[in-house]
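K.L.:
What follows is start17.cif, made up of mmCIF, C-alpha atoms (C1' of nucleotides):
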```
data_coords
loop_
_atom_site.label_atom_id
_atom_site.label_comp_id
_atom_site.auth_asym_id
_atom_site.auth_seq_id
_atom_site.Cartn_x
_atom_site.Cartn_y
_atom_site.Cartn_z
CA MET F 1017 63.45 54.15 -15.35
CA ILE F 1018 61.11 51.79 -17.08
CA SER F 1019 61.35 49.22 -14.36
CA CYS F 1020 60.71 51.99 -11.87
CA ARG F 1021 57.54 53.04 -13.64
CA ARG F 1022 56.53 49.46 -13.96
CA SER F 1023 56.94 48.83 -10.28
CA GLU F 1024 55.00 52.02 -9.57
CA ARG F 1025 52.24 50.84 -11.78
CA ASN F 1026 52.31 47.48 -10.09
CA SER F 1027 52.14 48.99 -6.68
CA VAL F 1028 49.17 51.15 -7.74
CA ARG F 1029 47.55 48.10 -9.20
CA ASN F 1030 48.14 46.26 -5.97
CA LEU F 1031 46.68 49.13 -3.97
CA VAL F 1032 43.55 49.10 -6.11
CA LYS F 1033 43.39 45.35 -5.74
CA MET F 1034 43.78 45.66 -2.00
CA SER F 1035 41.15 48.35 -1.64
CA ARG F 1036 38.82 46.25 -3.72
CA ASN F 1037 39.53 43.33 -1.47
CA VAL F 1038 38.90 45.42 1.61
CA THR F 1039 35.59 46.74 0.37
CA SER F 1040 34.44 43.36 -0.85
CA SER F 1041 35.44 41.69 2.38
CA ASN F 1042 33.64 44.42 4.30
CA LYS F 1043 30.57 43.78 2.21
CA GLU F 1044 30.94 40.09 2.82
CA LYS F 1045 31.27 40.72 6.52
CA GLN F 1046 28.09 42.78 6.54
CA THR F 1047 26.12 40.18 4.63
CA ARG F 1048 27.39 37.51 6.94
CA LYS F 1049 26.45 39.57 9.96
CA LYS F 1050 22.93 40.03 8.59
CA GLN F 1051 22.63 36.32 7.94
CA VAL F 1052 23.81 35.53 11.46
CA THR F 1053 21.30 37.90 13.10
CA LYS F 1054 18.52 36.55 10.93
CA ARG F 1055 19.43 33.00 11.84
CA MET F 1056 19.70 33.84 15.53
CA LYS F 1057 16.28 35.47 15.47
CA LEU F 1058 14.81 32.34 13.88
CA ASN F 1059 16.61 30.13 16.36
CA ASN F 1060 15.49 32.19 19.33
CA ASN F 1061 11.87 31.70 18.34
CA LEU F 1062 12.17 27.92 18.35
CA ASN F 1063 10.40 26.14 21.16
CA ALA F 1064 10.69 22.43 21.93
CA ASP F 1065 7.04 21.88 22.84
CA HIS F 1066 5.83 23.72 19.79
CA ILE F 1067 8.11 21.75 17.48
CA LEU F 1068 6.91 18.46 18.97
CA GLN F 1069 3.24 19.41 18.73
CA SER F 1070 3.33 20.67 15.18
CA SER F 1071 5.29 17.62 14.03
CA CYS F 1072 2.58 15.33 15.44
CA ASN F 1073 -0.02 16.83 13.11
CA GLY F 1074 -0.51 15.68 9.58
CA SER F 1075 -0.21 11.93 10.01
CA ARG F 1076 -1.55 9.98 7.04
CA THR F 1077 -1.69 6.48 5.71
CA PRO F 1078 1.45 5.43 3.84
CA THR F 1079 1.21 3.91 0.36
CA TYR F 1080 4.40 1.89 0.70
CA GLY F 1081 5.83 -0.14 3.57
CA LEU F 1082 2.63 -1.53 4.98
CA ASN F 1083 4.63 -3.85 7.27
CA ARG F 1084 6.46 -0.91 8.77
CA LEU F 1085 6.89 -0.31 12.48
CA ASN F 1086 4.63 2.48 13.72
CA ASP F 1087 4.69 5.36 16.20
CA SER F 1088 4.68 3.17 19.30
CA PHE F 1089 7.95 1.49 18.25
CA PHE F 1090 9.80 4.83 18.31
CA ASP F 1091 8.10 6.34 21.35
CA VAL F 1092 10.54 4.99 23.97
CA PRO F 1093 13.63 6.49 25.67
CA CYS F 1094 16.58 6.75 23.27
CA GLU F 1095 18.65 4.07 24.97
CA ASP F 1096 15.78 1.60 24.49
CA LEU F 1097 15.24 2.70 20.90
CA ALA F 1098 18.95 2.28 20.16
CA LYS F 1099 18.78 -1.33 21.34
CA ARG F 1100 15.46 -2.24 19.80
CA LEU F 1101 16.52 -0.89 16.40
CA LEU F 1102 19.26 -3.54 16.25
CA GLY F 1103 18.23 -6.40 13.97
CA LYS F 1104 15.44 -4.36 12.38
CA ILE F 1105 15.46 -3.59 8.67
CA LEU F 1106 15.85 -0.11 7.25
CA VAL F 1107 14.01 0.15 3.94
CA ARG F 1108 14.59 2.99 1.50
CA ARG F 1109 12.45 3.57 -1.54
CA ILE F 1110 14.01 5.92 -4.07
CA ASP F 1111 11.71 7.91 -6.34
CA ASP F 1112 12.70 5.85 -9.39
CA GLY F 1113 11.30 2.76 -7.67
CA THR F 1114 14.62 1.32 -6.45
CA VAL F 1115 14.26 -0.43 -3.11
CA LEU F 1116 17.20 -0.75 -0.70
CA LYS F 1117 17.27 -2.80 2.46
CA GLY F 1118 19.76 -3.17 5.29
CA ARG F 1119 19.71 -4.73 8.75
CA VAL F 1120 20.59 -2.29 11.52
CA VAL F 1121 23.68 -3.64 13.27
CA GLU F 1122 25.13 -0.64 15.12
CA THR F 1123 23.53 2.36 16.86
CA GLU F 1124 24.39 5.11 19.31
CA CYS F 1125 22.11 7.10 21.58
CA TYR F 1126 22.26 10.86 22.08
CA PRO F 1127 19.86 11.74 24.91
CA GLY F 1128 20.40 15.52 24.89
CA GLY F 1129 20.14 17.53 28.10
CA GLU F 1130 23.26 16.85 30.17
CA ASP F 1131 25.01 14.94 27.39
CA LYS F 1132 27.72 17.15 25.94
CA ALA F 1133 28.03 15.03 22.82
CA SER F 1134 24.40 15.66 21.83
CA CYS F 1135 23.69 18.54 19.48
CA SER F 1136 20.75 19.33 21.77
CA TYR F 1137 23.07 19.66 24.78
CA ASN F 1138 21.61 21.90 27.44
CA GLY F 1139 18.39 22.34 25.49
CA ARG F 1140 20.01 24.00 22.51
CA ILE F 1141 17.62 24.35 19.57
CA THR F 1142 18.47 25.63 16.09
CA GLU F 1143 16.85 25.33 12.68
CA THR F 1144 19.37 22.72 11.58
CA ILE F 1145 18.80 20.41 14.51
CA LYS F 1146 15.13 20.93 15.20
CA ALA F 1147 14.28 17.46 13.86
CA VAL F 1148 15.59 15.91 17.11
CA TYR F 1149 12.78 17.73 18.92
CA MET F 1150 10.15 16.40 16.56
CA LYS F 1151 7.87 13.44 17.08
CA PRO F 1152 9.60 10.11 17.85
CA GLY F 1153 10.36 8.39 14.55
CA THR F 1154 11.39 11.58 12.75
CA ALA F 1155 14.60 11.41 10.70
CA PHE F 1156 17.27 13.93 11.66
CA VAL F 1157 19.88 14.21 8.89
CA TYR F 1158 22.81 16.58 9.20
CA VAL F 1159 26.01 17.35 7.33
CA THR F 1160 29.24 16.41 9.06
CA TYR F 1161 32.80 17.44 8.21
CA GLY F 1162 31.44 19.56 5.40
CA MET F 1163 30.94 16.65 3.04
CA TYR F 1164 29.12 13.72 4.63
CA HIS F 1165 25.69 13.02 6.04
CA CYS F 1166 24.61 11.16 9.16
CA ILE F 1167 21.10 10.02 10.04
CA ASN F 1168 19.45 9.89 13.45
CA ILE F 1169 15.97 8.85 14.48
CA SER F 1170 14.22 10.95 17.07
CA SER F 1171 13.07 9.13 20.20
CA GLN F 1172 11.02 9.89 23.29
CA GLY F 1173 12.44 12.82 25.30
CA ALA F 1174 13.09 16.39 24.14
CA GLY F 1175 16.21 16.50 21.97
CA ALA F 1176 16.88 12.77 22.22
CA ALA F 1177 17.77 10.67 19.18
CA VAL F 1178 19.50 7.51 17.97
CA LEU F 1179 22.34 7.59 15.42
CA LEU F 1180 22.40 4.80 12.85
CA ARG F 1181 26.06 3.80 12.58
CA ALA F 1182 26.05 0.66 10.46
CA LEU F 1183 23.83 -1.61 8.36
CA GLU F 1184 24.26 -5.06 6.92
CA PRO F 1185 23.21 -4.69 3.27
CA LEU F 1186 20.39 -7.02 2.25
CA GLU F 1187 19.00 -5.70 -1.02
CA GLY F 1188 20.15 -3.24 -3.69
CA PHE F 1189 23.90 -3.96 -3.65
CA GLU F 1190 24.47 -2.57 -7.13
CA PHE F 1191 22.82 0.75 -6.38
CA MET F 1192 24.84 1.06 -3.18
CA GLN F 1193 28.07 0.20 -4.95
CA LEU F 1194 27.44 2.98 -7.50
CA GLU F 1195 26.55 5.53 -4.83
CA ARG F 1196 29.75 4.72 -2.96
CA GLN F 1197 31.94 4.92 -6.07
CA LYS F 1198 30.55 8.37 -6.84
CA ARG F 1199 31.97 9.75 -3.62
CA ARG F 1200 35.31 8.02 -3.68
CA LYS F 1201 38.38 10.11 -4.29
CA THR F 1202 39.61 10.06 -7.84
CA THR F 1203 43.36 10.35 -7.95
CA SER F 1204 44.47 8.75 -11.21
CA ALA F 1205 46.77 6.26 -9.53
CA ALA F 1206 44.12 5.03 -7.16
CA ALA F 1207 41.36 5.01 -9.78
CA THR F 1208 43.10 2.35 -11.83
CA LYS F 1209 43.67 0.12 -8.83
CA ARG F 1210 40.14 0.62 -7.56
CA LYS F 1211 38.21 -2.51 -6.72
CA GLU F 1212 34.58 -3.12 -5.96
CA LEU F 1213 33.80 -2.69 -2.32
CA GLN F 1214 33.01 -5.75 -0.26
CA VAL F 1215 29.32 -6.00 0.59
CA HIS F 1216 30.08 -5.68 4.30
CA ASP F 1217 31.95 -2.41 3.63
CA LEU F 1218 29.04 -0.73 1.84
CA CYS F 1219 27.30 0.55 4.99
CA SER F 1220 29.91 0.04 7.73
CA GLY F 1221 29.85 3.60 9.06
CA PRO F 1222 27.35 6.44 9.62
CA ALA F 1223 28.35 8.40 6.52
CA LYS F 1224 28.87 5.30 4.40
CA LEU F 1225 25.34 4.09 4.98
CA CYS F 1226 23.99 7.51 4.05
CA MET F 1227 25.95 7.43 0.78
CA SER F 1228 24.79 3.88 -0.04
CA PHE F 1229 21.16 4.63 0.81
CA SER F 1230 21.23 8.05 -0.87
CA ILE F 1231 20.24 9.74 2.37
CA THR F 1232 20.78 13.51 2.32
CA LYS F 1233 19.56 16.41 4.36
CA SER F 1234 17.47 17.73 1.47
CA SER F 1235 15.83 14.39 0.72
CA CYS F 1236 15.29 12.90 4.17
CA ASN F 1237 15.62 15.41 7.01
CA GLU F 1238 12.49 15.86 9.16
CA ARG F 1239 10.68 12.96 7.46
CA ASP F 1240 8.43 10.82 9.63
CA LEU F 1241 9.59 7.21 9.24
CA ALA F 1242 6.25 5.96 10.55
CA VAL F 1243 4.42 7.28 7.49
CA TRP F 1244 6.87 8.52 4.82
CA ASP F 1245 6.92 6.53 1.58
CA GLY F 1246 10.64 7.13 1.08
CA MET F 1247 11.95 5.28 4.13
CA TRP F 1248 10.79 3.15 7.05
CA ILE F 1249 11.74 0.42 9.52
CA GLU F 1250 10.49 -3.17 9.34
CA GLU F 1251 10.65 -6.17 11.60
CA ASP F 1252 13.04 -8.89 10.40
CA ASP F 1253 10.99 -12.07 10.19
CA SER F 1254 13.75 -14.19 8.69
CA LYS F 1255 15.78 -14.69 11.87
CA GLU F 1256 14.50 -16.24 15.04
CA GLU F 1257 17.81 -16.52 16.91
CA ALA F 1258 18.43 -14.18 19.83
CA LEU F 1259 20.58 -11.11 19.19
CA HIS F 1260 23.82 -10.72 21.09
CA ILE F 1261 24.25 -7.04 21.81
CA VAL F 1262 27.66 -5.61 22.70
CA THR F 1263 27.63 -2.32 24.62
CA SER F 1264 30.53 0.10 24.13
CA HIS F 1265 31.38 3.81 24.10
CA ARG F 1266 30.44 6.19 21.31
CA ILE F 1267 32.80 7.00 18.44
CA GLY F 1268 34.32 10.30 17.35
CA ILE F 1269 33.28 12.46 20.29
CA ASP F 1270 36.52 12.57 22.31
CA SER F 1271 36.51 16.37 22.28
CA VAL F 1272 33.60 16.53 24.74
CA GLY F 1273 35.69 15.08 27.56
CA THR F 1274 36.08 11.58 28.94
CA GLU F 1275 33.02 11.63 31.20
CA TRP F 1276 30.54 11.70 28.33
CA ALA F 1277 32.78 10.12 25.73
CA LEU F 1278 33.04 6.94 27.79
CA LYS F 1279 29.33 6.47 28.50
CA PRO F 1280 28.10 3.05 27.32
CA PHE F 1281 25.89 4.53 24.60
CA ARG F 1282 26.91 2.49 21.56
CA PHE F 1283 25.32 -0.84 20.77
CA TYR F 1284 26.16 -3.39 18.09
CA LEU F 1285 25.48 -6.97 17.08
CA LEU F 1286 28.23 -9.35 18.12
CA GLY F 1287 30.03 -11.04 15.25
CA ASN F 1288 28.49 -8.96 12.44
CA SER F 1289 31.09 -7.97 9.85
CA SER F 1290 29.33 -4.71 8.93
CA VAL F 1291 29.99 -3.16 12.37
CA SER F 1292 32.16 -0.06 11.94
CA ARG F 1293 34.39 -0.52 14.98
CA ARG F 1294 34.63 -3.49 17.29
CA ASP F 1295 35.44 -3.29 20.98
CA GLU F 1296 37.63 -6.34 21.61
CA ALA F 1297 37.68 -5.89 25.38
CA ARG F 1298 33.91 -5.70 25.67
CA GLU F 1299 33.46 -8.66 23.34
CA LYS F 1300 35.80 -10.72 25.49
CA ALA F 1301 33.93 -9.71 28.62
CA PHE F 1302 30.68 -10.59 26.85
CA ARG F 1303 31.81 -14.15 26.12
CA GLU F 1304 32.78 -14.82 29.73
"C1'" DC J 1121 48.04 -3.57 10.29
"C1'" DT J 1122 48.21 1.65 12.15
"C1'" DA J 1123 48.88 6.64 11.62
"C1'" DA J 1124 48.56 10.94 9.39
"C1'" DG J 1125 46.75 14.43 6.48
"C1'" DG J 1126 43.44 16.25 3.17
"C1'" DA J 1127 38.75 17.12 1.60
"C1'" DT J 1128 35.14 20.85 2.39
"C1'" DT J 1129 30.61 23.25 4.16
"C1'" DT J 1130 28.05 24.95 7.77
"C1'" DG J 1131 26.78 27.42 11.72
"C1'" DC J 1132 27.83 29.18 16.06
"C1'" DT J 1133 30.83 31.93 19.76
"C1'" DG G 274 37.84 31.90 12.98
"C1'" DC G 275 37.19 27.40 14.06
"C1'" DA G 276 35.41 22.89 15.13
"C1'" DA G 277 32.86 19.20 13.37
"C1'" DA G 278 28.75 12.18 15.57
"C1'" DT G 279 33.83 10.92 8.76
"C1'" DC G 280 36.04 8.74 4.91
"C1'" DC G 281 39.76 7.93 1.74
"C1'" DT G 282 44.42 7.50 0.37
"C1'" DT G 283 49.17 7.03 1.05
"C1'" DA G 284 53.26 5.82 3.61
"C1'" DG G 285 55.65 2.99 6.64
"C1'" DA G 286 56.16 -1.11 10.07
#
```
Hey, can you dump this file as structure tokens for me?
P.N.:
Amino acid sequence: MISCRRSERNSVRNLVKMSRNVTSSNKEKQTRKKQVTKRMKLNNNLNADHILQSSCNGSRTPTYGLNRLNDSFFDVPCEDLAKRLLGKILVRRIDDGTVLKGRVVETECYPGGEDKASCSYNGRITETIKAVYMKPGTAFVYVTYGMYHCINISSQGAGAAVLLRALEPLEGFEFMQLERQKRRKTTSAAATKRKELQVHDLCSGPAKLCMSFSITKSSCNERDLAVWDGMWIEEDDSKEEALHIVTSHRIGIDSVGTEWALKPFRFYLLGNSSVSRRDEAREKAFRE
DNA sequence: CTAAGGATTTGCT
DNA sequence: GCAAATCCTTAGA
């Protein structure tokens, strides 16, 4: 008898629970629907020409980075920008005064338009990606896999940009090391065995370099690298030797199909240990 | 060394 | 509801 009553009570309880769940999930659905329509309205109003024009206004003289590369450096087709960025120095100035430097050693170009791997494929424009339509030299930072950031630099051409894939750290190793440790997984077994990262592992990937350089969507997206005091690109005056550039295919975009995944849109400096992924075949062909 | 699986949020179809 | 421009750890060769 008792158990019967108890089970009755439980089933009632479950029903209440369920109905609560149903109503709350309906509410959630409605809110989500509203958010989606709102977002779509915003996105529908976006226009490439307008975004470009309005992002060209408001230029000013930077206080920091007086040796920085200016507008004309960025205002070239994305394939050219991807190549000319190699060997240049990315400088980041954190608000507390910390300065980080790294030589660009690996890039990828995302021209937009026909390219299925580009977020701006087929002229798509949304609030989150509108930085790629902004003035050449604008930083486009987005969240990937729910937990990492990647940084692109807008180039000439609507929706075209260059992804920074790897840097060779030059200055600020300790800061980078700390930023990387923050994000590392903390299972107790691994934590005890944990070692300091090698310098060449600090920025050897698009999300790694964003962690090391403290680059996030909120801090860096839509910033103009030609004038912003937080980040810029400089010429590297220390090296006079010619750069050996290896051309390969882009990484992590297999799902778009072989035609676009195999395009020779990734460029890196031969023999640099900070490169995220080497292409042995292309390197061999390069030497011959 | 390579391979596999988990983490985890966002925005679109 | 699902895919995503990645990284980290663990397991096994």
K.L.:
Using the chain letters and numbers from this file, what does the PyMOL selection byres ((chain F) within 12 of (chain J)) select? Give the answer as a PyMOL selection string.
P.N.:
chain F and resi 1048+1051-1053+1055-1056+1059+1135+1140-1145+1158-1165+1199-1202
K.L.:
Evaluated on this file, the PyMOL selection byres ((chain F) within 12 of (chain G)) picks out some residues - which ones are they, written as a PyMOL selection string?
P.N.:
chain F and resi 1123-1126+1132-1135+1157-1168+1177-1181+1196-1197+1199-1207+1209-1210+1217+1219-1227+1266-1272+1277+1282+1292
K.L.:
Could you write out the selected residues, including C-alpha atoms, as a PDB file, keeping the file's coordinate frame?
P.N.:
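Okay, out-v5.pdb is ready:
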```pdb
ATOM      1  CA  THR F1123      23.530   2.360  16.860  1.00  0.00           C
ATOM      2  CA  GLU F1124      24.390   5.110  19.310  1.00  0.00           C
ATOM      3  CA  CYS F1125      22.110   7.100  21.580  1.00  0.00           C
ATOM      4  CA  TYR F1126      22.260  10.860  22.080  1.00  0.00           C
ATOM      5  CA  LYS F1132      27.720  17.150  25.940  1.00  0.00           C
ATOM      6  CA  ALA F1133      28.030  15.030  22.820  1.00  0.00           C
ATOM      7  CA  SER F1134      24.400  15.660  21.830  1.00  0.00           C
ATOM      8  CA  CYS F1135      23.690  18.540  19.480  1.00  0.00           C
ATOM      9  CA  VAL F1157      19.880  14.210   8.890  1.00  0.00           C
ATOM     10  CA  TYR F1158      22.810  16.580   9.200  1.00  0.00           C
ATOM     11  CA  VAL F1159      26.010  17.350   7.330  1.00  0.00           C
ATOM     12  CA  THR F1160      29.240  16.410   9.060  1.00  0.00           C
ATOM     13  CA  TYR F1161      32.800  17.440   8.210  1.00  0.00           C
ATOM     14  CA  GLY F1162      31.440  19.560   5.400  1.00  0.00           C
ATOM     15  CA  MET F1163      30.940  16.650   3.040  1.00  0.00           C
ATOM     16  CA  TYR F1164      29.120  13.720   4.630  1.00  0.00           C
ATOM     17  CA  HIS F1165      25.690  13.020   6.040  1.00  0.00           C
ATOM     18  CA  CYS F1166      24.610  11.160   9.160  1.00  0.00           C
ATOM     19  CA  ILE F1167      21.100  10.020  10.040  1.00  0.00           C
ATOM     20  CA  ASN F1168      19.450   9.890  13.450  1.00  0.00           C
ATOM     21  CA  ALA F1177      17.770  10.670  19.180  1.00  0.00           C
ATOM     22  CA  VAL F1178      19.500   7.510  17.970  1.00  0.00           C
ATOM     23  CA  LEU F1179      22.340   7.590  15.420  1.00  0.00           C
ATOM     24  CA  LEU F1180      22.400   4.800  12.850  1.00  0.00           C
ATOM     25  CA  ARG F1181      26.060   3.800  12.580  1.00  0.00           C
ATOM     26  CA  ARG F1196      29.750   4.720  -2.960  1.00  0.00           C
ATOM     27  CA  GLN F1197      31.940   4.920  -6.070  1.00  0.00           C
ATOM     28  CA  ARG F1199      31.970   9.750  -3.620  1.00  0.00           C
ATOM     29  CA  ARG F1200      35.310   8.020  -3.680  1.00  0.00           C
ATOM     30  CA  LYS F1201      38.380  10.110  -4.290  1.00  0.00           C
ATOM     31  CA  THR F1202      39.610  10.060  -7.840  1.00  0.00           C
ATOM     32  CA  THR F1203      43.360  10.350  -7.950  1.00  0.00           C
ATOM     33  CA  SER F1204      44.470   8.750 -11.210  1.00  0.00           C
ATOM     34  CA  ALA F1205      46.770   6.260  -9.530  1.00  0.00           C
ATOM     35  CA  ALA F1206      44.120   5.030  -7.160  1.00  0.00           C
ATOM     36  CA  ALA F1207      41.360   5.010  -9.780  1.00  0.00           C
ATOM     37  CA  LYS F1209      43.670   0.120  -8.830  1.00  0.00           C
ATOM     38  CA  ARG F1210      40.140   0.620  -7.560  1.00  0.00           C
ATOM     39  CA  ASP F1217      31.950  -2.410   3.630  1.00  0.00           C
ATOM     40  CA  CYS F1219      27.300   0.550   4.990  1.00  0.00           C
ATOM     41  CA  SER F1220      29.910   0.040   7.730  1.00  0.00           C
ATOM     42  CA  GLY F1221      29.850   3.600   9.060  1.00  0.00           C
ATOM     43  CA  PRO F1222      27.350   6.440   9.620  1.00  0.00           C
ATOM     44  CA  ALA F1223      28.350   8.400   6.520  1.00  0.00           C
ATOM     45  CA  LYS F1224      28.870   5.300   4.400  1.00  0.00           C
ATOM     46  CA  LEU F1225      25.340   4.090   4.980  1.00  0.00           C
ATOM     47  CA  CYS F1226      23.990   7.510   4.050  1.00  0.00           C
ATOM     48  CA  MET F1227      25.950   7.430   0.780  1.00  0.00           C
ATOM     49  CA  ARG F1266      30.440   6.190  21.310  1.00  0.00           C
ATOM     50  CA  ILE F1267      32.800   7.000  18.440  1.00  0.00           C
ATOM     51  CA  GLY F1268      34.320  10.300  17.350  1.00  0.00           C
ATOM     52  CA  ILE F1269      33.280  12.460  20.290  1.00  0.00           C
ATOM     53  CA  ASP F1270      36.520  12.570  22.310  1.00  0.00           C
ATOM     54  CA  SER F1271      36.510  16.370  22.280  1.00  0.00           C
ATOM     55  CA  VAL F1272      33.600  16.530  24.740  1.00  0.00           C
ATOM     56  CA  ALA F1277      32.780  10.120  25.730  1.00  0.00           C
ATOM     57  CA  ARG F1282      26.910   2.490  21.560  1.00  0.00           C
ATOM     58  CA  SER F1292      32.160  -0.060  11.940  1.00  0.00           C
TER      59      SER F1292
END
```
K.L.:
Given the file shown, determine the residues that the PyMOL selection byres ((chain F and resi 1241) around 9) selects; report them as an mmCIF file with C-alpha atoms, keeping the file's coordinate frame.
P.N.:
```cif
data_model
loop_
_atom_site.group_PDB
_atom_site.id
_atom_site.type_symbol
_atom_site.label_atom_id
_atom_site.label_comp_id
_atom_site.auth_asym_id
_atom_site.auth_seq_id
_atom_site.Cartn_x
_atom_site.Cartn_y
_atom_site.Cartn_z
ATOM 1 C CA ARG F 1084 6.460 -0.910 8.770
ATOM 2 C CA LEU F 1085 6.890 -0.310 12.480
ATOM 3 C CA ASN F 1086 4.630 2.480 13.720
ATOM 4 C CA ASP F 1087 4.690 5.360 16.200
ATOM 5 C CA GLY F 1153 10.360 8.390 14.550
ATOM 6 C CA THR F 1154 11.390 11.580 12.750
ATOM 7 C CA ALA F 1155 14.600 11.410 10.700
ATOM 8 C CA ILE F 1169 15.970 8.850 14.480
ATOM 9 C CA ARG F 1239 10.680 12.960 7.460
ATOM 10 C CA ASP F 1240 8.430 10.820 9.630
ATOM 11 C CA ALA F 1242 6.250 5.960 10.550
ATOM 12 C CA VAL F 1243 4.420 7.280 7.490
ATOM 13 C CA TRP F 1244 6.870 8.520 4.820
ATOM 14 C CA ASP F 1245 6.920 6.530 1.580
ATOM 15 C CA GLY F 1246 10.640 7.130 1.080
ATOM 16 C CA MET F 1247 11.950 5.280 4.130
ATOM 17 C CA TRP F 1248 10.790 3.150 7.050
ATOM 18 C CA ILE F 1249 11.740 0.420 9.520
#
```
K.L.:
Report, in Å to a single decimal, how far apart atom CA of Ile1067 of chain F and atom CA of Lys1054 of chain F are.
P.N.:
19.2 Å
K.L.:
To one decimal place, how far is atom CA of Ser1290 of chain F from atom CA of Val1121 of chain F in Å?
P.N.:
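It comes out at 7.2 Å.
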K.L.:
In Å to one decimal, how far is atom CA of His1265 of chain F from atom CA of Leu1285 of chain F?
P.N.:
14.2 Å
K.L.:
Step by step, gather every atom of segment 278-285 of chain G that the file lists, find the box along x, y and z that holds them, add 5 Å on each side, and finally give centre and edge lengths in Å to one decimal, as lines of an AutoDock Vina configuration file.
P.N.:
```
center_x = 42.2
center_y = 7.6
center_z = 8.0
size_x = 36.9
size_y = 19.2
size_z = 25.2
```
K.L.:
Find the residues around Gly1287 of chain F up to 12 Å (all atoms listed in the file counted), leave out those fewer than 4 positions away in its own chain, and share them as number ranges by chain.
P.N.:
F: 1121-1122, 1184, 1259-1262, 1291-1296, 1299-1300, 1302-1303
